[in-house]
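Peer 1: This structure is in structure tokens; I'll ask about it shortly.
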Amino acid sequence: MSKMIVLLLCFIAILSTTVYAERHYEIYDASTGEKLTMKEFAKRSMKYDVIFFGEFHDDSLLHYIQKEYLTAMYDENDDIAVSLEMFERDVQPYLDKYLKGEITEEDFLKHSRPWSDYKKFYKPLVELAKKNEAPVIAANVPRKYAALYTREGWPGIEKLPAEDKNFIAKSLTLKNDQY
């Protein structure tokens, strides 16, 4: 990827309706008001290098839409990586081995500290990536380093050995604004 353009899903407005046996939602191009199919949305998304898909961790409709979107994206291009914050960076080797079929799902889960809702919401994305032989990136800082930062701030992080710092962003930009 030569450039990094971020498409925030503010690009669309996802309106959910009453959810019965099926999942009902509509996708709109926020700039034109045009209603899009998931396939059209995925096709339009292909011009971007990075796409952030925001979610509420316990919203089953949004997780369903994520899977449908990723499926449509793979239909357009199989050269897509998925990054999940639910996996901490230090479990990347187990995630990679699982995706390659080198370890069982049981071993993978035993070593990867998945969230309690992994099987319900995130497993479908991991399995879809596995089916498409695509990478999945464990994107979150390991909890022990997040806890260290909470206790000691950046000075605590700076005391860590170099090998531990590999799991942490090299720098942080924290704005003191309303966001």
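Numbering starts fresh at 1 for the residues of each chain in the structure tokens, the chains themselves are lettered A, B, ... in the order given, and ligands are numbered from 1 as they appear.
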Going by DSSP on the backbone, which bits of region 36-87 of chain A are strand (DSSP E or B)? Write them as number ranges by chain, please.
Peer 2: A: 36, 50-52, 82-87
Peer 1: Could you pull the residues within 12 Å of Glu85 (chain A), counting only C-alpha atoms, minus those fewer than 3 positions along the same chain, as a PyMOL selection string?
Peer 2: chain A and resi 52-55+57+82+88-89+91-92+114-115+118+122+136-143
Peer 1: Emit the selected residues as a compact mmCIF listing (two decimals), in the first residue's frame, including C-alpha atoms.
Peer 2:
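File written: again-v1.txt
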```
# COMPACT_ATOMS: atom_id res chain seq x y z
CA PHE A 52 -11.92 1.50 10.00
CA PHE A 53 -15.13 -0.25 10.94
CA GLY A 54 -16.36 1.07 14.25
CA GLU A 55 -18.58 -1.05 16.42
CA HIS A 57 -18.65 -4.78 21.09
CA VAL A 82 -8.06 -7.81 8.93
CA GLU A 88 -3.22 -8.41 21.81
CA ARG A 89 -0.02 -8.03 19.82
CA VAL A 91 -0.45 -13.43 20.61
CA GLN A 92 0.27 -12.81 16.91
CA PRO A 114 -9.87 -14.11 23.39
CA TRP A 115 -12.70 -11.96 24.66
CA TYR A 118 -15.08 -14.26 20.53
CA TYR A 122 -15.19 -12.40 16.07
CA VAL A 136 -5.30 -11.19 10.69
CA ILE A 137 -3.40 -8.62 12.73
CA ALA A 138 -3.49 -8.74 16.51
CA ALA A 139 -3.67 -4.99 17.02
CA ASN A 140 -4.06 -4.26 20.70
CA VAL A 141 -1.38 -3.55 23.27
CA PRO A 142 -1.04 -6.43 25.74
CA ARG A 143 -3.05 -5.79 28.90
```
Peer 1: Taking 3 positions as the minimum chain separation for residues in the same chain, which residues sit within 6 Å of Leu36 (chain A) when counting only C-alpha atoms? Answer as JSON, numbers by chain.
Peer 2: {"A": [27, 28, 40]}
Peer 1: Residues within 10 Å of Met46 (chain A), please, as a list in words. Count only C-alpha atoms; anything in the same chain fewer than 5 positions from it doesn't count.
Peer 2: Phe41, Ile51, Met73, Glu76, Asn77 and Ile80 of chain A
Peer 1: Please produce an output containing all heavy atoms for each residue in the selection, written as a short mmCIF file (atom, residue, chain, number, x, y, z; two decimals), in the first residue's frame.
Peer 2:
```cif
data_model
loop_
_atom_site.label_atom_id
_atom_site.label_comp_id
_atom_site.auth_asym_id
_atom_site.auth_seq_id
_atom_site.Cartn_x
_atom_site.Cartn_y
_atom_site.Cartn_z
N PHE A 41 -21.14 -1.08 -1.91
CA PHE A 41 -20.35 -0.44 -0.86
C PHE A 41 -18.93 -1.02 -0.84
O PHE A 41 -17.95 -0.28 -0.76
CB PHE A 41 -21.04 -0.60 0.49
CG PHE A 41 -20.25 -0.02 1.63
CD1 PHE A 41 -19.79 1.28 1.59
CD2 PHE A 41 -19.99 -0.78 2.75
CE1 PHE A 41 -19.06 1.82 2.64
CE2 PHE A 41 -19.26 -0.24 3.81
CZ PHE A 41 -18.80 1.05 3.75
N ILE A 51 -9.48 0.87 6.05
CA ILE A 51 -10.87 1.13 6.38
C ILE A 51 -11.08 0.79 7.85
O ILE A 51 -10.75 -0.31 8.29
CB ILE A 51 -11.82 0.28 5.50
CG1 ILE A 51 -11.60 0.63 4.03
CG2 ILE A 51 -13.26 0.49 5.92
CD1 ILE A 51 -12.18 -0.35 3.07
N MET A 73 -16.00 -7.66 0.49
CA MET A 73 -14.66 -7.16 0.17
C MET A 73 -13.79 -8.27 -0.41
O MET A 73 -13.08 -8.07 -1.41
CB MET A 73 -14.00 -6.58 1.42
CG MET A 73 -14.65 -5.31 1.94
SD MET A 73 -14.44 -3.89 0.85
CE MET A 73 -12.73 -3.49 1.15
N GLU A 76 -14.36 -8.92 -3.95
CA GLU A 76 -13.74 -7.92 -4.83
C GLU A 76 -12.23 -8.10 -4.94
O GLU A 76 -11.65 -7.88 -5.99
CB GLU A 76 -14.03 -6.50 -4.32
CG GLU A 76 -15.48 -6.08 -4.42
CD GLU A 76 -15.95 -5.96 -5.85
OE1 GLU A 76 -15.19 -5.47 -6.71
OE2 GLU A 76 -17.08 -6.39 -6.12
N ASN A 77 -11.59 -8.48 -3.82
CA ASN A 77 -10.13 -8.55 -3.79
C ASN A 77 -9.73 -9.41 -2.61
O ASN A 77 -10.11 -9.12 -1.48
CB ASN A 77 -9.56 -7.14 -3.63
CG ASN A 77 -8.05 -7.10 -3.59
OD1 ASN A 77 -7.38 -8.12 -3.50
ND2 ASN A 77 -7.51 -5.90 -3.66
N ILE A 80 -6.61 -8.69 1.29
CA ILE A 80 -7.11 -7.83 2.35
C ILE A 80 -6.71 -8.42 3.70
O ILE A 80 -6.91 -9.61 3.95
CB ILE A 80 -8.65 -7.71 2.29
CG1 ILE A 80 -9.06 -7.03 0.98
CG2 ILE A 80 -9.20 -6.97 3.49
CD1 ILE A 80 -10.54 -7.05 0.73
#
```
Peer 1: Kindly give the distance, in Å, that separates CA of Ala72 (chain A) and CA of Thr104 (chain A), rounded to a single decimal.
Peer 2: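 Answer for the CA of Ala72 (chain A) to CA of Thr104 (chain A) separation: 27.2 Å.
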